[in-house]
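A.B. asks: Got a file for you: start31.txt, compact mmCIF, C-alpha atoms.
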```txt
# COMPACT_ATOMS: atom_id res chain seq x y z
CA MET A 1 0.00 0.00 0.00
CA ASN A 2 2.75 2.41 0.92
CA LEU A 3 4.66 1.49 -2.22
CA PHE A 4 1.67 2.56 -4.30
CA PHE A 5 1.67 5.92 -2.59
CA TYR A 6 5.36 6.49 -3.27
CA ILE A 7 5.07 5.42 -6.90
CA ALA A 8 2.07 7.69 -7.48
CA ALA A 9 3.84 10.56 -5.72
CA ALA A 10 6.98 10.07 -7.83
CA ILE A 11 4.92 10.02 -11.04
CA ALA A 12 3.06 13.16 -9.97
CA LEU A 13 6.28 15.02 -9.22
CA ILE A 14 8.06 13.95 -12.41
CA THR A 15 5.11 14.77 -14.66
CA THR A 16 4.61 18.13 -12.96
CA ILE A 17 8.25 18.99 -13.58
CA MET A 18 7.86 17.96 -17.21
CA ALA A 19 4.67 20.04 -17.46
CA ILE A 20 6.18 23.27 -16.17
CA SER A 21 9.44 22.88 -18.10
CA GLY A 22 8.07 21.80 -21.46
CA ARG A 23 8.22 23.95 -24.58
CA ASN A 24 5.20 22.60 -26.37
CA ALA A 25 1.95 23.67 -24.69
CA ILE A 26 0.00 20.58 -25.74
CA HIS A 27 2.68 18.21 -24.44
CA SER A 28 2.77 20.09 -21.17
CA LEU A 29 -1.01 19.87 -20.83
CA LEU A 30 -0.92 16.11 -21.39
CA PHE A 31 1.80 15.80 -18.74
CA LEU A 32 -0.36 17.87 -16.40
CA ILE A 33 -3.30 15.51 -16.97
CA LEU A 34 -1.01 12.62 -16.04
CA SER A 35 -0.01 14.47 -12.89
CA LEU A 36 -3.65 15.04 -11.95
CA LEU A 37 -4.40 11.35 -12.49
CA ALA A 38 -1.50 10.42 -10.19
CA VAL A 39 -2.88 12.77 -7.54
CA SER A 40 -6.27 11.13 -7.93
CA VAL A 41 -4.63 7.76 -7.25
CA ILE A 42 -3.26 9.28 -4.06
CA PHE A 43 -6.75 10.48 -3.14
CA TYR A 44 -7.98 6.94 -3.59
CA LEU A 45 -5.20 5.61 -1.37
CA LEU A 46 -6.13 8.24 1.22
CA ASN A 47 -9.61 6.67 1.57
CA ALA A 48 -11.37 9.37 -0.43
CA PRO A 49 -12.73 7.53 -3.49
CA PHE A 50 -15.44 10.13 -4.09
CA ILE A 51 -12.88 12.91 -4.32
CA ALA A 52 -10.70 10.74 -6.57
CA ALA A 53 -13.62 10.39 -8.98
CA LEU A 54 -14.29 14.14 -8.85
CA GLU A 55 -10.63 14.82 -9.59
CA VAL A 56 -10.70 12.63 -12.67
CA ILE A 57 -14.04 13.94 -13.95
CA ILE A 58 -13.72 17.65 -13.24
CA TYR A 59 -9.97 18.39 -13.14
CA ALA A 60 -8.56 15.94 -15.65
CA GLY A 61 -11.78 15.87 -17.66
CA ALA A 62 -13.46 19.23 -17.83
CA ILE A 63 -10.83 21.80 -16.87
CA MET A 64 -7.95 20.29 -18.82
CA VAL A 65 -10.13 19.77 -21.89
CA LEU A 66 -10.97 23.48 -21.70
CA PHE A 67 -7.24 24.23 -21.65
CA ILE A 68 -6.57 21.95 -24.61
CA PHE A 69 -9.42 23.49 -26.62
CA VAL A 70 -8.09 27.01 -26.08
CA THR A 71 -4.53 25.93 -26.86
CA MET A 72 -5.63 24.32 -30.08
CA MET A 73 -7.82 27.30 -30.97
CA LEU A 74 -4.90 29.69 -30.59
CA ASN A 75 -2.56 27.28 -32.37
CA ILE A 76 0.26 27.87 -29.91
CA GLY A 77 3.46 25.92 -30.07
CA ILE A 78 6.03 28.54 -30.85
CA GLU A 79 7.21 30.31 -27.75
CA GLY A 80 7.75 34.04 -27.54
CA ARG A 81 11.06 35.82 -27.63
CA THR A 82 11.09 36.54 -23.89
CA GLU A 83 10.27 32.95 -23.04
CA LYS A 84 13.39 31.77 -24.84
CA LYS A 85 15.50 34.18 -22.86
CA TRP A 86 13.83 33.28 -19.59
CA LEU A 87 14.47 29.59 -19.92
CA ASN A 88 18.23 30.09 -19.60
CA PRO A 89 19.64 28.66 -16.35
CA GLY A 90 20.70 32.11 -15.23
CA MET A 91 17.14 33.32 -15.20
CA TRP A 92 15.33 30.52 -13.41
CA ILE A 93 18.01 29.69 -10.83
CA VAL A 94 16.98 32.49 -8.45
CA PRO A 95 13.29 31.57 -8.10
CA SER A 96 14.30 27.94 -7.78
CA ILE A 97 16.69 28.73 -4.93
CA LEU A 98 13.99 30.74 -3.21
CA ALA A 99 11.56 27.86 -3.55
CA ALA A 100 14.20 25.41 -2.27
CA VAL A 101 14.70 27.58 0.82
CA LEU A 102 10.93 27.52 1.36
CA LEU A 103 11.00 23.75 1.02
CA ALA A 104 13.81 23.36 3.58
CA ASP A 105 11.87 25.59 5.94
CA PHE A 106 8.81 23.44 5.45
CA ILE A 107 10.72 20.21 6.10
CA LEU A 108 12.14 21.61 9.34
CA ALA A 109 8.69 22.80 10.37
CA ILE A 110 7.00 19.44 9.96
CA LYS A 111 9.96 17.70 11.60
CA HIS A 112 9.50 19.65 14.80
CA VAL A 113 5.72 19.37 15.07
CA PRO A 114 4.72 15.75 15.73
CA ALA A 115 1.34 14.74 14.34
CA SER A 116 -1.17 12.86 16.46
CA HIS A 117 -2.07 9.29 15.59
CA SER A 118 -5.36 8.49 13.94
CA VAL A 119 -7.84 5.63 13.94
CA ASP A 120 -8.98 3.62 10.92
CA GLN A 121 -12.27 4.71 9.43
CA ILE A 122 -13.32 5.55 5.91
CA ILE A 123 -15.26 8.72 5.16
CA LEU A 124 -18.18 7.86 2.92
CA PRO A 125 -19.65 10.19 0.30
CA LYS A 126 -22.85 10.19 2.36
CA GLN A 127 -21.09 11.92 5.23
CA VAL A 128 -19.60 14.44 2.82
CA GLY A 129 -23.03 15.17 1.35
CA ILE A 130 -24.68 15.58 4.74
CA SER A 131 -21.94 17.94 5.88
CA LEU A 132 -22.06 19.84 2.58
CA PHE A 133 -25.79 20.51 2.71
CA SER A 134 -26.15 21.15 6.43
CA THR A 135 -23.07 22.79 7.92
CA TYR A 136 -21.81 24.36 4.71
CA LEU A 137 -25.14 25.24 3.09
CA LEU A 138 -24.36 28.95 2.99
CA ALA A 139 -21.01 28.23 1.33
CA VAL A 140 -22.80 26.10 -1.28
CA GLU A 141 -25.05 29.06 -2.08
CA ILE A 142 -22.05 31.38 -2.31
CA ALA A 143 -20.37 28.89 -4.66
CA ALA A 144 -23.52 28.89 -6.79
CA ILE A 145 -23.41 32.70 -7.02
CA LEU A 146 -19.72 32.49 -7.93
CA LEU A 147 -20.44 30.00 -10.71
CA MET A 148 -23.20 32.26 -12.04
CA ALA A 149 -20.82 35.23 -12.03
CA GLY A 150 -18.26 33.05 -13.80
CA VAL A 151 -20.73 32.12 -16.54
CA ILE A 152 -21.73 35.76 -17.10
CA GLY A 153 -18.12 36.95 -17.03
CA ALA A 154 -16.91 34.28 -19.44
CA TYR A 155 -19.76 35.08 -21.81
CA HIS A 156 -19.00 38.80 -21.67
CA LEU A 157 -15.26 38.35 -22.15
CA GLY A 158 -15.62 35.69 -24.78
CA SER A 159 -17.98 37.59 -27.04
CA GLN A 160 -16.25 39.27 -29.95
CA LYS A 161 -17.00 42.92 -30.57
CA LYS A 162 -19.21 43.37 -33.57
CA LYS A 163 -17.50 45.38 -36.26
CA VAL A 164 -19.77 47.84 -38.04
CA THR A 165 -18.57 48.46 -41.58
CA HIS A 166 -20.15 51.12 -43.70
CA ARG A 167 -19.44 51.80 -47.32
CA PHE A 168 -17.92 55.23 -46.64
CA LEU A 169 -17.49 55.30 -42.91
CA LYS A 170 -15.38 52.62 -41.34
CA LYS A 171 -16.10 52.36 -37.66
CA ASN A 172 -14.32 50.14 -35.19
CA MET B 1 -4.62 0.93 4.99
CA LEU B 2 -2.06 3.53 4.10
CA THR B 3 0.65 3.83 6.72
CA VAL B 4 2.74 6.52 5.10
CA PRO B 5 3.51 9.16 7.76
CA VAL B 6 1.32 12.20 7.42
CA GLU B 7 4.45 14.37 7.37
CA ILE B 8 5.55 12.70 4.12
CA GLN B 9 2.13 13.25 2.61
CA ILE B 10 2.12 16.93 3.55
CA LEU B 11 5.68 17.18 2.25
CA PHE B 12 4.58 15.78 -1.09
CA ALA B 13 1.79 18.35 -1.30
CA GLY B 14 4.28 21.08 -0.41
CA ILE B 15 6.70 20.01 -3.15
CA LEU B 16 3.84 20.01 -5.64
CA PHE B 17 2.87 23.53 -4.54
CA LEU B 18 6.47 24.74 -4.87
CA LEU B 19 6.71 23.26 -8.37
CA GLY B 20 3.64 25.27 -9.30
CA LEU B 21 5.16 28.38 -7.74
CA ILE B 22 8.40 27.90 -9.68
CA GLY B 23 6.43 27.49 -12.87
CA LEU B 24 4.48 30.66 -12.20
CA LEU B 25 7.68 32.62 -11.52
CA VAL B 26 9.75 31.23 -14.37
CA ARG B 27 7.40 30.89 -17.31
CA ARG B 28 6.15 33.91 -19.25
CA ASN B 29 3.69 32.15 -21.50
CA MET B 30 0.24 32.79 -20.06
CA ILE B 31 -0.98 29.25 -20.71
CA PHE B 32 1.90 27.89 -18.67
CA MET B 33 1.28 30.41 -15.90
CA LEU B 34 -2.35 29.30 -15.71
CA MET B 35 -1.26 25.67 -15.60
CA SER B 36 1.06 26.46 -12.70
CA ILE B 37 -1.83 28.08 -10.84
CA GLU B 38 -3.81 24.89 -11.42
CA ILE B 39 -1.00 22.82 -9.92
CA MET B 40 -0.99 25.06 -6.85
CA PHE B 41 -4.77 24.80 -6.44
CA ASN B 42 -4.52 21.05 -6.74
CA SER B 43 -1.83 20.73 -4.10
CA ALA B 44 -3.86 22.91 -1.74
CA GLY B 45 -6.79 20.54 -2.24
CA LEU B 46 -4.47 17.61 -1.58
CA VAL B 47 -3.58 19.09 1.81
CA PHE B 48 -7.29 19.34 2.64
CA ILE B 49 -7.83 15.68 1.74
CA ILE B 50 -4.79 14.58 3.76
CA ALA B 51 -6.12 16.44 6.78
CA SER B 52 -9.60 15.02 6.21
CA THR B 53 -8.20 11.49 6.19
CA HIS B 54 -5.98 12.14 9.16
CA TRP B 55 -8.73 13.44 11.44
CA LYS B 56 -11.55 11.31 9.96
CA GLN B 57 -13.73 14.34 9.32
CA PRO B 58 -15.64 15.00 6.07
CA ASP B 59 -14.97 18.77 6.23
CA GLY B 60 -11.77 18.52 4.22
CA GLN B 61 -13.55 16.80 1.36
CA VAL B 62 -16.25 19.48 1.44
CA MET B 63 -13.54 22.12 1.14
CA PHE B 64 -12.04 20.26 -1.81
CA ILE B 65 -15.40 20.47 -3.60
CA PHE B 66 -15.40 24.24 -3.02
CA ILE B 67 -11.84 24.48 -4.36
CA LEU B 68 -13.05 22.60 -7.42
CA ALA B 69 -15.84 25.15 -8.00
CA VAL B 70 -13.49 28.11 -7.55
CA THR B 71 -10.95 26.54 -9.93
CA ALA B 72 -13.55 25.93 -12.60
CA VAL B 73 -14.70 29.58 -12.48
CA GLU B 74 -11.12 30.84 -12.43
CA VAL B 75 -10.12 28.78 -15.45
CA ALA B 76 -13.17 29.82 -17.46
CA ILE B 77 -12.60 33.54 -16.81
CA ALA B 78 -8.83 33.33 -17.27
CA LEU B 79 -9.10 31.49 -20.58
CA ALA B 80 -11.65 34.03 -21.84
CA ILE B 81 -9.25 36.85 -20.90
CA LEU B 82 -6.44 34.92 -22.58
CA LEU B 83 -8.44 34.65 -25.81
CA GLN B 84 -9.06 38.42 -25.73
CA VAL B 85 -5.37 39.11 -25.07
CA TYR B 86 -4.38 36.93 -27.99
CA HIS B 87 -6.97 38.64 -30.15
CA HIS B 88 -5.58 42.08 -29.32
CA PHE B 89 -1.84 41.51 -29.09
CA LYS B 90 -1.31 38.35 -31.19
CA THR B 91 0.94 36.98 -28.46
CA LEU B 92 0.61 35.26 -25.09
CA ASP B 93 3.89 36.59 -23.74
CA ALA B 94 3.08 38.18 -20.38
CA ASP B 95 5.96 40.65 -20.72
CA SER B 96 4.66 42.14 -23.94
CA VAL B 97 1.16 42.67 -22.57
CA ASN B 98 2.22 45.15 -19.90
CA LYS B 99 0.70 48.28 -21.39
CA LEU B 100 -2.59 49.66 -20.10
CA LYS B 101 -2.77 52.19 -22.91
CA ASP B 102 -5.46 51.78 -25.53
CA HIS B 103 -4.09 49.62 -28.29
CA ASN B 104 -4.71 51.35 -31.62
```
Turn the structure described in the file into structure tokens.

C.D. replies:
Amino acid sequence: MNLFFYIAAAIALITTIMAISGRNAIHSLLFLILSLLAVSVIFYLLNAPFIAALEVIIYAGAIMVLFIFVTMMLNIGIEGRTEKKWLNPGMWIVPSILAAVLLADFILAIKHVPASHSVDQIILPKQVGISLFSTYLLAVEIAAILLMAGVIGAYHLGSQKKKVTHRFLKKN
Amino acid sequence: MLTVPVEIQILFAGILFLLGLIGLLVRRNMIFMLMSIEIMFNSAGLVFIIASTHWKQPDGQVMFIFILAVTAVEVAIALAILLQVYHHFKTLDADSVNKLKDHN
């Protein structure tokens, strides 16, 4: 069981590194989908099968397909001039060092705070649903408003401006 | 039953978050920056699930569902903005889209 966790974690880390360091956007997106699937395996191992299914359906399914559609629509693949310059070792070494320092800090922090032991019990989707629609009902309503705002905003931003062309008067 | 120490699990989520942060800081292509933000959201959700499993409470999973909703909205809006940016500037380079002046 533990071996599965380590394998899935290793795959997630490797594919995430490939995703953020790739040059081709489509390849990076496919690596990112692989990373999300590895994380969903970890969710399953953590006794959260419902969340694992949601991760596959919504993250790896819906959100990443949206990304791939936009990438294909824009026909990206050639990186910009600045991107080429930025991918030199001299440019990314500083943020990487900063992140490594953060990581070392984090390791020290969790080394000094011992976690309490836990008992074996699986959380069923039923419990999640009951909690979602009783304790967190207000948050569900707020999320619904947020989704509505997202739909309206995406429609407004996505609509192309209509160009009015007259024979003599060209108006933008 | 998984017996990996919870510290290792949290560490894994932290490394994932830092990878996303590095991606956001290093890359200038807007698609890649958005992908890095996704990685960071995902690792934050992973921490919630780890905590939910550790304390045997469903609240962490509820929070993950909310993160999912927020992520979906964020991606939809961000990709719509990205389409508009590409329409106006013909590039997705974040450094060349730094002018607020009207683009004539």

A.B. asks: Go ahead and compute the interatomic distance for CA of Ile57 (chain A) and CA of Ile14 (chain A), in Å to one decimal.

C.D. replies: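 Computing the Euclidean distance for CA of Ile57 (chain A) and CA of Ile14 (chain A) yields 22.2 Å.
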
A.B. asks: Taking all atoms listed in the file into account, name the residue in A:Val151, A:Ile7, A:Val101, A:Val128 that is nearest to Val39 (chain A).

C.D. replies: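 Going through A:Val151, A:Ile7, A:Val101, A:Val128 one by one, the smallest distance to Val39 (chain A) is for A:Ile7.
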
A.B. asks: With all atoms listed in the file as the basis for distance, which of A:Ile63, A:Ile26, A:Val41, A:Ile142 is at the shortest distance from chain B?

C.D. replies: A:Ile63

A.B. asks: Pick out the closest residue to Ile68 (chain A) from this set: A:Leu30, A:Ala144, A:Ala53, A:Leu103. Count all atoms listed in the file.

C.D. replies: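 Of A:Leu30, A:Ala144, A:Ala53, A:Leu103, the one nearest Ile68 (chain A) is A:Leu30, counting all atoms listed in the file.
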
A.B. asks: Please, what distance in Å, to one decimal, runs between CA of Phe89 (chain B) and CA of Leu34 (chain B)?

C.D. replies: 18.1 Å

A.B. asks: With only C-alpha atoms as the counted atoms, please give the residues lying no more than 10 Å from Ala69 (chain B), apart from itself and same-chain residues fewer than 6 positions off, as a compact mmCIF listing (two decimals) with C-alpha atoms, in the frame of the given file.

C.D. replies:
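Output file result30.txt is given in full below:
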```
# COMPACT_ATOMS: atom_id res chain seq x y z
CA ILE A 58 -13.72 17.65 -13.24
CA VAL A 140 -22.80 26.10 -1.28
CA ALA A 143 -20.37 28.89 -4.66
CA ALA A 144 -23.52 28.89 -6.79
CA LEU A 146 -19.72 32.49 -7.93
CA LEU A 147 -20.44 30.00 -10.71
CA MET B 63 -13.54 22.12 1.14
```

A.B. asks: Which polymer residues have any atom within 10 Å of an atom of Ile33 (chain A), counting all atoms listed in the file, with same-chain residues fewer than 2 positions away left out, as a PyMOL selection string?

C.D. replies: chain A and resi 12+15-16+19+27-31+35-39+56+59-61+63-65

A.B. asks: Quick one: everything within 8 Å of region 6-16 of chain B, counting only C-alpha atoms, minus sequence neighbours fewer than 3 positions away in the same chain. Send it as a PyMOL selection string.

C.D. replies: (chain A and resi 9+13+16+103+106-107+110-111+115) or (chain B and resi 19-20+39-40+43-44+46-47+50+54)

A.B. asks: For the residues in the current selection, export C-alpha atoms as a JSON list (two decimals), in the coordinates of the input.

C.D. replies:
```json
[["chain", "number", "residue", "atom", "x", "y", "z"],
["A", 9, "ALA", "CA", 3.84, 10.56, -5.72],
["A", 13, "LEU", "CA", 6.28, 15.02, -9.22],
["A", 16, "THR", "CA", 4.61, 18.13, -12.96],
["A", 103, "LEU", "CA", 11.00, 23.75, 1.02],
["A", 106, "PHE", "CA", 8.81, 23.44, 5.45],
["A", 107, "ILE", "CA", 10.72, 20.21, 6.10],
["A", 110, "ILE", "CA", 7.00, 19.44, 9.96],
["A", 111, "LYS", "CA", 9.96, 17.70, 11.60],
["A", 115, "ALA", "CA", 1.34, 14.74, 14.34],
["B", 19, "LEU", "CA", 6.71, 23.26, -8.37],
["B", 20, "GLY", "CA", 3.64, 25.27, -9.30],
["B", 39, "ILE", "CA", -1.00, 22.82, -9.92],
["B", 40, "MET", "CA", -0.99, 25.06, -6.85],
["B", 43, "SER", "CA", -1.83, 20.73, -4.10],
["B", 44, "ALA", "CA", -3.86, 22.91, -1.74],
["B", 46, "LEU", "CA", -4.47, 17.61, -1.58],
["B", 47, "VAL", "CA", -3.58, 19.09, 1.81],
["B", 50, "ILE", "CA", -4.79, 14.58, 3.76],
["B", 54, "HIS", "CA", -5.98, 12.14, 9.16]]
```

A.B. asks: Please identify all polymer residues within 10 Å of Ala48 (chain A), counting only C-alpha atoms, omitting same-chain residues fewer than 5 positions from it, and present them as a VMD selection string.

C.D. replies: (chain A and resid 40 to 43 53 122 to 125) or (chain B and resid 49 to 50 52 to 53 58 61)

A.B. asks: Of the candidates B:Phe17, B:Tyr86, B:Phe32, B:Phe64, which shows the shortest atom-to-atom distance to Gly45 (chain B), using all atoms listed in the file?

C.D. replies: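 Residue with the minimum atom-to-atom distance to Gly45 (chain B): B:Phe64.
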